[in-house]
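**Q** Pasting query17.cif below, which is mmCIF, C-alpha atoms.
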data_my_file
#
loop_
_atom_site.label_atom_id
_atom_site.label_comp_id
_atom_site.auth_asym_id
_atom_site.auth_seq_id
_atom_site.Cartn_x
_atom_site.Cartn_y
_atom_site.Cartn_z
CA MET A 92 -101.19 -68.91 65.10
CA LEU A 93 -104.73 -69.49 66.33
CA LYS A 94 -105.01 -72.27 68.88
CA LEU A 95 -108.31 -73.94 69.75
CA TYR A 96 -108.85 -75.82 73.00
CA TYR A 97 -111.55 -78.45 72.62
CA ALA A 98 -112.81 -81.69 74.07
CA PRO A 99 -114.61 -84.44 72.15
CA GLY A 100 -118.38 -84.43 72.54
CA THR A 101 -118.57 -80.74 73.42
CA CYS A 102 -119.88 -77.69 71.58
CA ALA A 103 -116.25 -76.83 70.70
CA LEU A 104 -116.90 -78.96 67.61
CA ALA A 105 -118.76 -75.99 66.07
CA SER A 106 -115.82 -73.61 66.37
CA HIS A 107 -113.43 -76.29 65.12
CA ILE A 108 -115.52 -76.87 62.00
CA ALA A 109 -115.79 -73.12 61.41
CA LEU A 110 -111.99 -72.74 61.55
CA GLU A 111 -111.64 -75.55 59.03
CA GLU A 112 -114.31 -74.10 56.73
CA ALA A 113 -112.64 -70.70 56.97
CA GLY A 114 -109.36 -72.13 55.75
CA ALA A 115 -107.67 -70.82 58.89
CA GLN A 116 -104.18 -71.78 59.95
CA TYR A 117 -104.69 -73.14 63.47
CA GLU A 118 -103.58 -75.75 65.92
CA THR A 119 -105.65 -77.59 68.49
CA VAL A 120 -105.25 -78.73 72.06
CA ARG A 121 -107.46 -81.64 73.09
CA LEU A 122 -108.65 -81.76 76.70
CA ASN A 123 -109.78 -84.95 78.40
CA PHE A 124 -112.88 -84.00 80.38
CA ALA A 125 -113.09 -87.48 81.96
CA GLN A 126 -109.68 -86.79 83.54
CA GLY A 127 -110.79 -83.30 84.61
CA ASP A 128 -108.34 -81.43 82.35
CA GLN A 129 -110.78 -78.49 82.25
CA ARG A 130 -110.45 -77.97 86.01
CA LYS A 131 -106.66 -78.12 86.15
CA PRO A 132 -104.82 -74.92 87.09
CA GLU A 133 -103.02 -74.67 83.75
CA TYR A 134 -106.31 -74.68 81.85
CA LEU A 135 -108.08 -72.33 84.27
CA LYS A 136 -105.37 -69.82 83.35
CA VAL A 137 -106.58 -70.10 79.75
CA ASN A 138 -110.30 -70.10 80.56
CA PRO A 139 -111.28 -69.41 84.18
CA LYS A 140 -114.74 -70.80 83.40
CA GLY A 141 -113.27 -74.29 83.00
CA ARG A 142 -115.15 -74.86 79.77
CA VAL A 143 -114.41 -75.23 76.08
CA PRO A 144 -114.07 -73.85 73.48
CA ALA A 145 -111.31 -71.36 74.07
CA LEU A 146 -109.57 -69.76 71.10
CA ILE A 147 -106.13 -68.23 71.58
CA THR A 148 -105.53 -65.33 69.23
CA ASP A 149 -102.63 -62.91 68.90
CA ARG A 150 -104.76 -60.36 70.79
CA GLY A 151 -105.80 -62.66 73.63
CA ILE A 152 -108.21 -65.44 74.52
CA LEU A 153 -111.79 -65.72 73.33
CA THR A 154 -114.47 -67.97 74.79
CA GLU A 155 -118.16 -68.74 74.14
CA THR A 156 -119.21 -70.39 70.90
CA PRO A 157 -121.40 -67.59 69.45
CA ALA A 158 -118.61 -65.04 69.99
CA ILE A 159 -115.92 -67.26 68.49
CA LEU A 160 -118.09 -68.08 65.47
CA VAL A 161 -118.69 -64.43 64.56
CA TYR A 162 -115.01 -63.69 65.16
CA ILE A 163 -114.00 -66.42 62.70
CA ALA A 164 -116.52 -65.10 60.15
CA GLN A 165 -115.21 -61.54 60.54
CA THR A 166 -111.52 -62.40 60.41
CA PHE A 167 -111.86 -64.75 57.41
CA PRO A 168 -114.33 -62.74 55.32
CA ALA A 169 -113.45 -64.55 52.09
CA ALA A 170 -115.07 -67.69 53.48
CA LYS A 171 -118.41 -65.84 53.64
CA LEU A 172 -119.50 -67.58 56.83
CA ALA A 173 -121.92 -64.84 57.96
CA PRO A 174 -123.94 -61.99 56.40
CA LEU A 175 -121.48 -59.42 57.73
CA ASP A 176 -122.70 -56.49 55.64
CA ASP A 177 -126.38 -56.75 56.65
CA PRO A 178 -127.12 -55.97 60.33
CA PHE A 179 -130.60 -57.51 60.18
CA ALA A 180 -129.43 -60.75 58.56
CA LEU A 181 -126.49 -60.94 60.96
CA ALA A 182 -128.91 -60.46 63.86
CA GLN A 183 -130.99 -63.37 62.59
CA ALA A 184 -127.87 -65.52 62.50
CA GLN A 185 -126.98 -64.40 65.99
CA ALA A 186 -130.52 -65.03 67.24
CA PHE A 187 -130.28 -68.58 65.97
CA ASN A 188 -126.93 -69.18 67.65
CA SER A 189 -128.12 -67.46 70.81
CA TYR A 190 -131.13 -69.80 71.01
CA LEU A 191 -128.75 -72.75 70.72
CA CYS A 192 -126.43 -71.54 73.47
CA SER A 193 -129.05 -70.22 75.90
CA THR A 194 -131.86 -72.77 75.50
CA VAL A 195 -130.87 -75.89 73.55
CA HIS A 196 -127.44 -76.44 75.10
CA PRO A 197 -128.78 -76.08 78.69
CA ALA A 198 -131.76 -78.34 77.79
CA HIS A 199 -129.24 -81.04 76.84
CA ALA A 200 -126.86 -80.36 79.73
CA HIS A 201 -129.45 -81.42 82.27
CA ARG A 202 -128.71 -85.04 81.30
CA PRO A 203 -124.91 -85.20 81.73
CA ARG A 204 -124.47 -82.24 84.06
CA GLY A 205 -127.55 -81.98 86.27
CA SER A 206 -125.32 -81.58 89.31
CA ARG A 207 -124.78 -78.01 88.20
CA TRP A 208 -128.34 -77.14 89.19
CA ALA A 209 -129.20 -79.41 92.12
CA ASP A 210 -127.35 -81.46 94.75
CA ASP A 211 -130.07 -84.02 95.46
CA PRO A 212 -129.52 -87.25 93.44
CA ALA A 213 -133.28 -87.72 93.00
CA ALA A 214 -133.56 -84.22 91.55
CA ILE A 215 -130.71 -84.94 89.15
CA GLU A 216 -132.55 -88.06 88.00
CA ALA A 217 -135.77 -86.04 87.59
CA MET A 218 -133.92 -83.60 85.35
CA LYS A 219 -132.54 -86.42 83.22
CA ARG A 220 -136.03 -87.78 82.67
CA LYS A 221 -137.23 -84.50 81.17
CA VAL A 222 -134.33 -84.03 78.73
CA PRO A 223 -135.86 -86.02 75.84
CA GLN A 224 -139.06 -83.93 76.01
CA ASN A 225 -137.18 -80.64 76.18
CA MET A 226 -134.79 -81.50 73.36
CA THR A 227 -137.71 -82.68 71.23
CA GLU A 228 -139.54 -79.39 71.80
CA CYS A 229 -136.44 -77.36 70.95
CA PHE A 230 -135.82 -79.23 67.70
CA GLU A 231 -139.49 -79.14 66.73
CA LEU A 232 -139.32 -75.37 67.06
CA ILE A 233 -136.11 -75.16 65.04
CA GLU A 234 -137.54 -77.43 62.34
CA ARG A 235 -140.85 -75.56 62.13
CA GLU A 236 -139.85 -71.92 62.67
CA MET A 237 -136.13 -71.32 62.42
CA PHE A 238 -134.63 -73.45 59.66
CA ALA A 239 -134.76 -71.94 56.16
CA GLY A 240 -133.00 -74.74 54.25
CA PRO A 241 -130.97 -76.12 52.70
CA TRP A 242 -128.72 -74.37 55.22
CA VAL A 243 -129.92 -72.77 58.44
CA LEU A 244 -130.15 -69.27 56.98
CA GLY A 245 -131.19 -70.36 53.48
CA ALA A 246 -129.06 -70.67 50.38
CA ALA A 247 -125.81 -69.64 52.07
CA TYR A 248 -123.82 -71.85 54.42
CA SER A 249 -122.95 -69.95 57.61
CA ILE A 250 -121.66 -70.18 61.16
CA CYS A 251 -125.13 -71.36 62.19
CA ASP A 252 -124.68 -74.66 60.37
CA PRO A 253 -121.81 -76.21 62.34
CA TYR A 254 -123.48 -75.11 65.57
CA LEU A 255 -126.81 -76.74 64.69
CA PHE A 256 -124.94 -79.83 63.47
CA THR A 257 -123.09 -80.06 66.80
CA LEU A 258 -126.20 -79.91 68.95
CA ALA A 259 -128.19 -82.18 66.62
CA GLY A 260 -125.41 -84.70 67.17
CA TRP A 261 -126.39 -84.83 70.84
CA LEU A 262 -129.95 -86.00 70.16
CA GLU A 263 -129.12 -89.68 70.01
CA GLY A 264 -127.45 -89.62 73.43
CA ASP A 265 -130.49 -87.74 74.71
CA SER A 266 -132.75 -90.59 73.48
CA VAL A 267 -134.36 -88.47 70.77
CA ASP A 268 -134.54 -89.86 67.24
CA ILE A 269 -133.27 -87.23 64.79
CA ALA A 270 -135.54 -88.81 62.15
CA ARG A 271 -138.45 -87.02 63.87
CA PHE A 272 -137.09 -83.82 62.31
CA ALA A 273 -136.83 -84.38 58.58
CA LYS A 274 -135.14 -81.09 57.72
CA ILE A 275 -132.64 -81.34 60.54
CA GLN A 276 -131.79 -84.93 59.70
CA ALA A 277 -131.22 -83.98 56.06
CA HIS A 278 -129.09 -81.05 57.22
CA TRP A 279 -127.02 -83.35 59.41
CA GLU A 280 -126.31 -85.61 56.45
CA ARG A 281 -125.59 -82.61 54.20
CA MET A 282 -123.06 -81.45 56.79
CA MET A 283 -121.38 -84.85 57.05
CA ALA A 284 -120.84 -84.76 53.28
CA ARG A 285 -118.70 -81.62 53.58
CA PRO A 286 -114.98 -82.47 53.63
CA ALA A 287 -114.23 -79.92 56.37
CA VAL A 288 -116.90 -81.39 58.62
CA ASN A 289 -115.84 -84.95 57.98
CA LYS A 290 -112.23 -84.11 58.74
CA VAL A 291 -113.02 -82.44 62.06
CA VAL A 292 -115.57 -85.04 63.17
CA THR A 293 -112.98 -87.75 62.47
CA ALA A 294 -110.34 -85.88 64.46
CA HIS A 295 -112.69 -85.57 67.45
CA LYS A 296 -113.57 -89.25 67.26
CA HIS A 297 -110.04 -90.58 67.02
CA GLY A 298 -108.03 -87.91 68.80
CA MET B 105 -140.95 -47.70 63.72
CA LEU B 106 -139.17 -50.21 65.96
CA LYS B 107 -141.47 -51.93 68.43
CA LEU B 108 -140.18 -53.78 71.49
CA TYR B 109 -142.24 -56.43 73.27
CA TYR B 110 -141.20 -56.71 76.90
CA ALA B 111 -142.41 -57.82 80.31
CA PRO B 112 -141.34 -56.34 83.63
CA GLY B 113 -138.72 -58.36 85.49
CA THR B 114 -137.37 -60.03 82.36
CA CYS B 115 -134.13 -59.69 80.41
CA ALA B 116 -136.01 -57.49 77.90
CA LEU B 117 -134.94 -54.63 80.17
CA ALA B 118 -131.47 -54.79 78.58
CA SER B 119 -132.75 -54.26 75.03
CA HIS B 120 -135.10 -51.53 76.21
CA ILE B 121 -132.25 -49.62 77.85
CA ALA B 122 -130.10 -50.06 74.75
CA LEU B 123 -132.82 -48.58 72.53
CA GLU B 124 -133.10 -45.62 74.85
CA GLU B 125 -129.32 -45.12 75.01
CA ALA B 126 -129.17 -45.33 71.21
CA GLY B 127 -131.64 -42.49 70.87
CA ALA B 128 -133.90 -44.76 68.82
CA GLN B 129 -137.46 -43.95 67.87
CA TYR B 130 -139.42 -46.90 69.21
CA GLU B 131 -142.62 -47.95 70.82
CA THR B 132 -143.17 -50.70 73.37
CA VAL B 133 -145.76 -53.38 74.05
CA ARG B 134 -145.92 -54.59 77.63
CA LEU B 135 -146.85 -58.23 78.23
CA ASN B 136 -148.29 -59.50 81.48
CA PHE B 137 -146.53 -62.80 82.14
CA ALA B 138 -148.70 -63.49 85.21
CA GLN B 139 -151.72 -63.51 82.88
CA GLY B 140 -149.86 -65.69 80.37
CA ASP B 141 -149.72 -63.08 77.60
CA GLN B 142 -146.54 -64.71 76.27
CA ARG B 143 -148.45 -67.97 75.55
CA LYS B 144 -151.42 -66.36 73.79
CA PRO B 145 -151.81 -67.07 70.05
CA GLU B 146 -151.41 -63.42 69.06
CA TYR B 147 -148.02 -63.24 70.76
CA LEU B 148 -146.85 -66.63 69.51
CA LYS B 149 -147.29 -65.18 66.01
CA VAL B 150 -144.72 -62.53 66.98
CA ASN B 151 -142.36 -64.91 68.79
CA PRO B 152 -143.10 -68.64 68.57
CA LYS B 153 -140.77 -69.18 71.53
CA GLY B 154 -143.21 -67.40 73.83
CA ARG B 155 -140.46 -65.32 75.37
CA VAL B 156 -139.35 -61.71 75.44
CA PRO B 157 -137.70 -59.60 74.16
CA ALA B 158 -138.96 -59.43 70.59
CA LEU B 159 -138.05 -56.45 68.43
CA ILE B 160 -140.17 -55.67 65.39
CA THR B 161 -138.17 -54.00 62.63
CA ASP B 162 -139.11 -52.99 59.09
CA ARG B 163 -137.31 -56.15 57.90
CA GLY B 164 -138.95 -58.55 60.33
CA ILE B 165 -138.84 -59.76 63.90
CA LEU B 166 -135.70 -60.26 65.96
CA THR B 167 -135.42 -62.21 69.19
CA GLU B 168 -132.70 -63.12 71.72
CA THR B 169 -131.03 -60.43 73.78
CA PRO B 170 -127.43 -60.76 72.48
CA ALA B 171 -128.66 -60.55 68.86
CA ILE B 172 -130.90 -57.56 69.51
CA LEU B 173 -128.15 -55.73 71.39
CA VAL B 174 -125.63 -56.01 68.55
CA TYR B 175 -128.35 -55.06 66.06
CA ILE B 176 -129.09 -51.87 68.01
CA ALA B 177 -125.38 -51.06 68.20
CA GLN B 178 -124.95 -51.60 64.45
CA THR B 179 -128.03 -49.65 63.36
CA PHE B 180 -127.32 -46.68 65.66
CA PRO B 181 -123.55 -46.42 65.22
CA ALA B 182 -123.42 -42.82 66.45
CA ALA B 183 -124.30 -44.07 69.94
CA LYS B 184 -121.05 -46.09 69.99
CA LEU B 185 -122.59 -48.97 71.93
CA ALA B 186 -120.13 -51.63 70.71
CA PRO B 187 -116.57 -51.81 69.29
CA LEU B 188 -117.93 -52.43 65.81
CA ASP B 189 -114.68 -51.82 63.93
CA ASP B 190 -112.57 -54.27 65.93
CA PRO B 191 -113.48 -57.97 65.52
CA PHE B 192 -111.50 -59.04 68.59
CA ALA B 193 -113.01 -56.40 70.86
CA LEU B 194 -116.48 -57.14 69.50
CA ALA B 195 -115.90 -60.83 70.19
CA GLN B 196 -114.99 -60.00 73.77
CA ALA B 197 -118.25 -58.06 74.12
CA GLN B 198 -120.13 -60.95 72.58
CA ALA B 199 -118.40 -63.47 74.84
CA PHE B 200 -119.53 -61.45 77.85
CA ASN B 201 -123.13 -61.30 76.66
CA SER B 202 -123.06 -64.95 75.66
CA TYR B 203 -121.95 -65.93 79.16
CA LEU B 204 -124.88 -63.97 80.57
CA CYS B 205 -127.43 -65.60 78.27
CA SER B 206 -126.10 -69.16 78.35
CA THR B 207 -124.94 -69.51 81.95
CA VAL B 208 -126.09 -66.68 84.25
CA HIS B 209 -129.67 -66.38 82.97
CA PRO B 210 -130.29 -70.17 83.22
CA ALA B 211 -128.64 -70.21 86.67
CA HIS B 212 -131.23 -67.66 87.79
CA ALA B 213 -134.15 -69.27 85.93
CA HIS B 214 -133.93 -72.40 88.07
CA ARG B 215 -135.61 -70.42 90.86
CA PRO B 216 -138.73 -69.06 89.09
CA ARG B 217 -138.92 -71.56 86.22
CA GLY B 218 -137.57 -74.89 87.47
CA SER B 219 -140.57 -76.62 85.92
CA ARG B 220 -138.84 -76.22 82.58
CA TRP B 221 -136.28 -78.86 83.56
CA ALA B 222 -138.13 -81.28 85.87
CA ASP B 223 -141.71 -82.25 86.65
CA ASP B 224 -141.19 -83.52 90.18
CA PRO B 225 -142.02 -80.80 92.79
CA ALA B 226 -139.23 -82.00 95.09
CA ALA B 227 -136.74 -81.65 92.22
CA ILE B 228 -137.98 -78.14 91.51
CA GLU B 229 -137.43 -77.26 95.18
CA ALA B 230 -133.94 -78.79 95.03
CA MET B 231 -133.11 -76.56 92.06
CA LYS B 232 -134.33 -73.47 93.90
CA ARG B 233 -132.06 -74.24 96.84
CA LYS B 234 -128.96 -74.21 94.62
CA VAL B 235 -129.71 -70.90 92.86
CA PRO B 236 -128.03 -68.62 95.43
CA GLN B 237 -124.79 -70.66 95.22
CA ASN B 238 -124.80 -70.70 91.42
CA MET B 239 -125.58 -67.01 91.06
CA THR B 240 -122.86 -66.20 93.61
CA GLU B 241 -120.31 -68.25 91.65
CA CYS B 242 -121.31 -66.57 88.38
CA PHE B 243 -121.00 -63.06 89.78
CA GLU B 244 -117.73 -63.86 91.55
CA LEU B 245 -116.33 -64.92 88.19
CA ILE B 246 -117.64 -61.79 86.48
CA GLU B 247 -116.24 -59.57 89.26
CA ARG B 248 -112.85 -61.28 89.28
CA GLU B 249 -112.23 -62.11 85.60
CA MET B 250 -114.62 -60.37 83.23
CA PHE B 251 -115.32 -56.83 84.43
CA ALA B 252 -112.81 -54.19 83.30
CA GLY B 253 -114.43 -51.12 84.89
CA PRO B 254 -115.81 -48.55 85.17
CA TRP B 255 -117.94 -50.16 82.44
CA VAL B 256 -117.91 -53.84 81.56
CA LEU B 257 -115.47 -53.43 78.67
CA GLY B 258 -113.45 -50.62 80.23
CA ALA B 259 -113.65 -46.90 79.55
CA ALA B 260 -116.45 -47.17 76.98
CA TYR B 261 -120.08 -47.83 77.86
CA SER B 262 -121.47 -50.64 75.68
CA ILE B 263 -124.30 -53.10 75.12
CA CYS B 264 -122.74 -55.28 77.82
CA ASP B 265 -123.64 -52.76 80.51
CA PRO B 266 -127.45 -52.84 80.38
CA TYR B 267 -127.32 -56.64 80.15
CA LEU B 268 -125.11 -56.99 83.25
CA PHE B 269 -127.28 -54.42 85.05
CA THR B 270 -130.41 -56.43 84.22
CA LEU B 271 -129.08 -59.71 85.56
CA ALA B 272 -127.46 -58.06 88.59
CA GLY B 273 -130.94 -56.75 89.38
CA TRP B 274 -132.09 -60.36 89.86
CA LEU B 275 -129.60 -61.08 92.65
CA GLU B 276 -131.79 -59.75 95.45
CA GLY B 277 -134.69 -62.01 94.44
CA ASP B 278 -132.22 -64.88 94.30
CA SER B 279 -131.20 -64.18 97.93
CA VAL B 280 -127.71 -63.01 96.98
CA ASP B 281 -126.44 -59.71 98.40
CA ILE B 282 -125.02 -57.62 95.56
CA ALA B 283 -122.72 -55.98 98.13
CA ARG B 284 -120.59 -59.15 97.98
CA PHE B 285 -119.42 -57.91 94.57
CA ALA B 286 -118.00 -54.43 95.06
CA LYS B 287 -117.38 -53.66 91.38
CA ILE B 288 -120.76 -54.94 90.26
CA GLN B 289 -122.57 -53.04 92.99
CA ALA B 290 -120.77 -49.84 92.00
CA HIS B 291 -121.63 -50.56 88.35
CA TRP B 292 -125.30 -51.02 89.26
CA GLU B 293 -125.35 -47.63 90.95
CA ARG B 294 -123.45 -46.03 88.06
CA MET B 295 -126.09 -47.43 85.72
CA MET B 296 -128.99 -46.15 87.83
CA ALA B 297 -127.49 -42.65 87.62
CA ARG B 298 -127.84 -42.65 83.81
CA PRO B 299 -131.01 -40.85 82.70
CA ALA B 300 -131.81 -43.48 80.04
CA VAL B 301 -131.56 -46.30 82.56
CA ASN B 302 -133.63 -44.46 85.15
CA LYS B 303 -136.34 -43.71 82.60
CA VAL B 304 -136.64 -47.33 81.43
CA VAL B 305 -136.45 -48.83 84.93
CA THR B 306 -139.24 -46.46 86.01
CA ALA B 307 -141.37 -47.46 83.02
CA HIS B 308 -140.94 -51.15 83.83
CA LYS B 309 -141.84 -50.53 87.46
CA HIS B 310 -144.96 -48.45 86.87
CA GLY B 311 -146.16 -49.67 83.47
#
Translate this structure into structure tokens?

**A**
Amino acid sequence: MLKLYYAPGTCALASHIALEEAGAQYETVRLNFAQGDQRKPEYLKVNPKGRVPALITDRGILTETPAILVYIAQTFPAAKLAPLDDPFALAQAQAFNSYLCSTVHPAHAHRPRGSRWADDPAAIEAMKRKVPQNMTECFELIEREMFAGPWVLGAAYSICDPYLFTLAGWLEGDSVDIARFAKIQAHWERMMARPAVNKVVTAHKHG
Amino acid sequence: MLKLYYAPGTCALASHIALEEAGAQYETVRLNFAQGDQRKPEYLKVNPKGRVPALITDRGILTETPAILVYIAQTFPAAKLAPLDDPFALAQAQAFNSYLCSTVHPAHAHRPRGSRWADDPAAIEAMKRKVPQNMTECFELIEREMFAGPWVLGAAYSICDPYLFTLAGWLEGDSVDIARFAKIQAHWERMMARPAVNKVVTAHKHG
């Protein structure tokens, strides 16, 4: 059976929602990042990067949100979570997810995890100060250029939606008011109304 | 005809090599980042993110290296640039490329583009100082855990190879000796011996 390693508050939420939306049979393992579970030897055997998500399959272990999301879409095709038969449309979906993982996620990470990129405490504070501006610019771009509506790609719900929902959920902690982005706020609420999303969000909150 | 926007020294090299390996008919547009071409209104109409690569197709514009690479593999299947018929193997390829775009590329970018993440000059200098350590840790992980050899995924050359080659080419500028990573150094030389790679590298060098 598929097994997803996750921690609350991380981007693993996107893969967890996708598994639920796909109707997959899966189990989960919750890591406690505050206790450093992700750095313990038993977890580094699962994912040497010491990050989540990690998805255990019968073929081996997969990591990295964009890869896991397409894998779920491909292995549960009946759920229609990606435009699998159209290389251009799939590339647009991948471009969206790639922007989230390569630009938006790092823009956010400079608040809680600045020590990845500098040792000097003053530098880490300087990074934190710029996070609201950078996250605002990212979400302005998404709102203006990348979001078709009502779902990310348009009429069809896809693997892009739980990923956007996950990162939009970080705005409040980054001191950015989601209400600045009308389409993204409406999308967030539309997502919360989905039973699969509500179920997984509740599980992450209450463990 | 496909048209690739690129700038020398950027990750657009990976997509350019993939087009050449695929035997695609394409033309290129070279941007001069030093002159700020990527921020000019005419380019922002192509890619509002102000980054490269951007690939113009008959369906529209694609951005983001991992998305473009899979698109090239899917639209030129005869070139066998990705394990398209095996969702797990494709997810492994995607996980590799996703690690490059979400972790390795930002690790490098803190040297030339620290001003993205802090305004304070001292903080930007602090980021630069940590780049060699971070790039070393990334490439140690790739060498130890992620590189099958002789190509990234094993016996078959794929879209992961030009992407790894591109980022490995940044090590010298980041003050990291590629010789620390025996497999990656050998891969870099194996890549340079490919006519398609040599042709594209030469074009980027001489314009």

**Q** Counting all atoms listed in the file, give me one row per residue of chain B with an atom at most 9 Å from an atom of chain A, showing the shortest contact pair and its distance in Å to one decimal, sorted by chain then residue number, as JSON lines.

**A**
{"residue": "B:Pro152", "atom": "CA", "partner": "A:Glu236", "partner_atom": "CA", "distance": 7.5}
{"residue": "B:Lys153", "atom": "CA", "partner": "A:Leu232", "partner_atom": "CA", "distance": 7.8}
{"residue": "B:Thr161", "atom": "CA", "partner": "A:Phe179", "partner_atom": "CA", "distance": 8.7}
{"residue": "B:Arg163", "atom": "CA", "partner": "A:Phe179", "partner_atom": "CA", "distance": 7.2}
{"residue": "B:Gly164", "atom": "CA", "partner": "A:Phe179", "partner_atom": "CA", "distance": 8.4}
{"residue": "B:Ile165", "atom": "CA", "partner": "A:Gln183", "partner_atom": "CA", "distance": 8.7}
{"residue": "B:Leu166", "atom": "CA", "partner": "A:Gln183", "partner_atom": "CA", "distance": 6.6}
{"residue": "B:Thr167", "atom": "CA", "partner": "A:Ala186", "partner_atom": "CA", "distance": 6.0}
{"residue": "B:Glu168", "atom": "CA", "partner": "A:Ala186", "partner_atom": "CA", "distance": 5.3}
{"residue": "B:Thr169", "atom": "CA", "partner": "A:Ala186", "partner_atom": "CA", "distance": 8.0}
{"residue": "B:Pro170", "atom": "CA", "partner": "A:Ser189", "partner_atom": "CA", "distance": 6.9}
{"residue": "B:Ala171", "atom": "CA", "partner": "A:Ala182", "partner_atom": "CA", "distance": 5.0}
{"residue": "B:Ile172", "atom": "CA", "partner": "A:Ala182", "partner_atom": "CA", "distance": 6.7}
{"residue": "B:Leu173", "atom": "CA", "partner": "A:Ala182", "partner_atom": "CA", "distance": 8.9}
{"residue": "B:Val174", "atom": "CA", "partner": "A:Ala182", "partner_atom": "CA", "distance": 7.2}
{"residue": "B:Tyr175", "atom": "CA", "partner": "A:Ala182", "partner_atom": "CA", "distance": 5.9}
{"residue": "B:Ile176", "atom": "CA", "partner": "A:Pro178", "partner_atom": "CA", "distance": 8.9}
{"residue": "B:Gln178", "atom": "CA", "partner": "A:Pro178", "partner_atom": "CA", "distance": 6.4}
{"residue": "B:Thr179", "atom": "CA", "partner": "A:Pro178", "partner_atom": "CA", "distance": 7.1}
{"residue": "B:Pro191", "atom": "CA", "partner": "A:Tyr162", "partner_atom": "CA", "distance": 5.9}
{"residue": "B:Phe192", "atom": "CA", "partner": "A:Tyr162", "partner_atom": "CA", "distance": 6.8}
{"residue": "B:Leu194", "atom": "CA", "partner": "A:Tyr162", "partner_atom": "CA", "distance": 8.0}
{"residue": "B:Ala195", "atom": "CA", "partner": "A:Ala158", "partner_atom": "CA", "distance": 5.0}
{"residue": "B:Gln196", "atom": "CA", "partner": "A:Leu153", "partner_atom": "CA", "distance": 6.6}
{"residue": "B:Ala197", "atom": "CA", "partner": "A:Ala158", "partner_atom": "CA", "distance": 8.1}
{"residue": "B:Gln198", "atom": "CA", "partner": "A:Ala158", "partner_atom": "CA", "distance": 5.1}
{"residue": "B:Ala199", "atom": "CA", "partner": "A:Ala158", "partner_atom": "CA", "distance": 5.1}
{"residue": "B:Phe200", "atom": "CA", "partner": "A:Glu155", "partner_atom": "CA", "distance": 8.3}
{"residue": "B:Asn201", "atom": "CA", "partner": "A:Ala158", "partner_atom": "CA", "distance": 8.9}
{"residue": "B:Ser202", "atom": "CA", "partner": "A:Glu155", "partner_atom": "CA", "distance": 6.4}
{"residue": "B:Tyr203", "atom": "CA", "partner": "A:Glu155", "partner_atom": "CA", "distance": 6.9}
{"residue": "B:Leu204", "atom": "CA", "partner": "A:Ser193", "partner_atom": "CA", "distance": 8.8}
{"residue": "B:Cys205", "atom": "CA", "partner": "A:Ser193", "partner_atom": "CA", "distance": 5.4}
{"residue": "B:Ser206", "atom": "CA", "partner": "A:Ser193", "partner_atom": "CA", "distance": 4.0}
{"residue": "B:Thr207", "atom": "CA", "partner": "A:Ser193", "partner_atom": "CA", "distance": 7.3}
{"residue": "B:His209", "atom": "CA", "partner": "A:Ser193", "partner_atom": "CA", "distance": 8.1}
{"residue": "B:Pro210", "atom": "CA", "partner": "A:Ser193", "partner_atom": "CA", "distance": 7.4}
{"residue": "B:Ala211", "atom": "CA", "partner": "A:Trp208", "partner_atom": "CA", "distance": 7.4}
{"residue": "B:His214", "atom": "CA", "partner": "A:Trp208", "partner_atom": "CA", "distance": 7.4}
{"residue": "B:Arg220", "atom": "CA", "partner": "A:Asn225", "partner_atom": "CA", "distance": 8.0}
{"residue": "B:Trp221", "atom": "CA", "partner": "A:Met218", "partner_atom": "CA", "distance": 5.6}
{"residue": "B:Ala222", "atom": "CA", "partner": "A:Met218", "partner_atom": "CA", "distance": 4.8}
{"residue": "B:Asp223", "atom": "CA", "partner": "A:Ala217", "partner_atom": "CA", "distance": 7.1}
{"residue": "B:Asp224", "atom": "CA", "partner": "A:Ala217", "partner_atom": "CA", "distance": 6.5}
{"residue": "B:Ala226", "atom": "CA", "partner": "A:Ala214", "partner_atom": "CA", "distance": 7.0}
{"residue": "B:Ala227", "atom": "CA", "partner": "A:Ala214", "partner_atom": "CA", "distance": 4.1}
{"residue": "B:Ile228", "atom": "CA", "partner": "A:Ala214", "partner_atom": "CA", "distance": 7.5}
{"residue": "B:Glu229", "atom": "CA", "partner": "A:Ala214", "partner_atom": "CA", "distance": 8.8}
{"residue": "B:Ala230", "atom": "CA", "partner": "A:Ala209", "partner_atom": "CA", "distance": 5.6}
{"residue": "B:Met231", "atom": "CA", "partner": "A:Ala209", "partner_atom": "CA", "distance": 4.8}
{"residue": "B:Lys232", "atom": "CA", "partner": "A:Ala209", "partner_atom": "CA", "distance": 8.0}
{"residue": "B:Arg233", "atom": "CA", "partner": "A:Ala209", "partner_atom": "CA", "distance": 7.6}
{"residue": "B:Lys234", "atom": "CA", "partner": "A:Ala209", "partner_atom": "CA", "distance": 5.8}
{"residue": "B:Val235", "atom": "CA", "partner": "A:Trp208", "partner_atom": "CA", "distance": 7.4}
{"residue": "B:Asn238", "atom": "CA", "partner": "A:Trp208", "partner_atom": "CA", "distance": 7.7}
{"residue": "B:Leu245", "atom": "CA", "partner": "A:Lys140", "partner_atom": "CA", "distance": 7.7}
{"residue": "B:Glu249", "atom": "CA", "partner": "A:Pro139", "partner_atom": "CA", "distance": 7.5}

**Q** What does the PyMOL selection byres ((chain B and resi 269-285) around 8) select in this file, as JSON, numbers by chain?

**A** {"B": [115, 117, 118, 204, 208, 209, 212, 215, 235, 236, 239, 240, 243, 244, 247, 265, 266, 267, 268, 286, 287, 288, 289, 291, 292, 295]}

**Q** Any idea what the distance is between atom CA of A:Gly127 and atom CA of A:Arg142?

**A**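 That distance, rounded to one decimal, is 10.7 Å.
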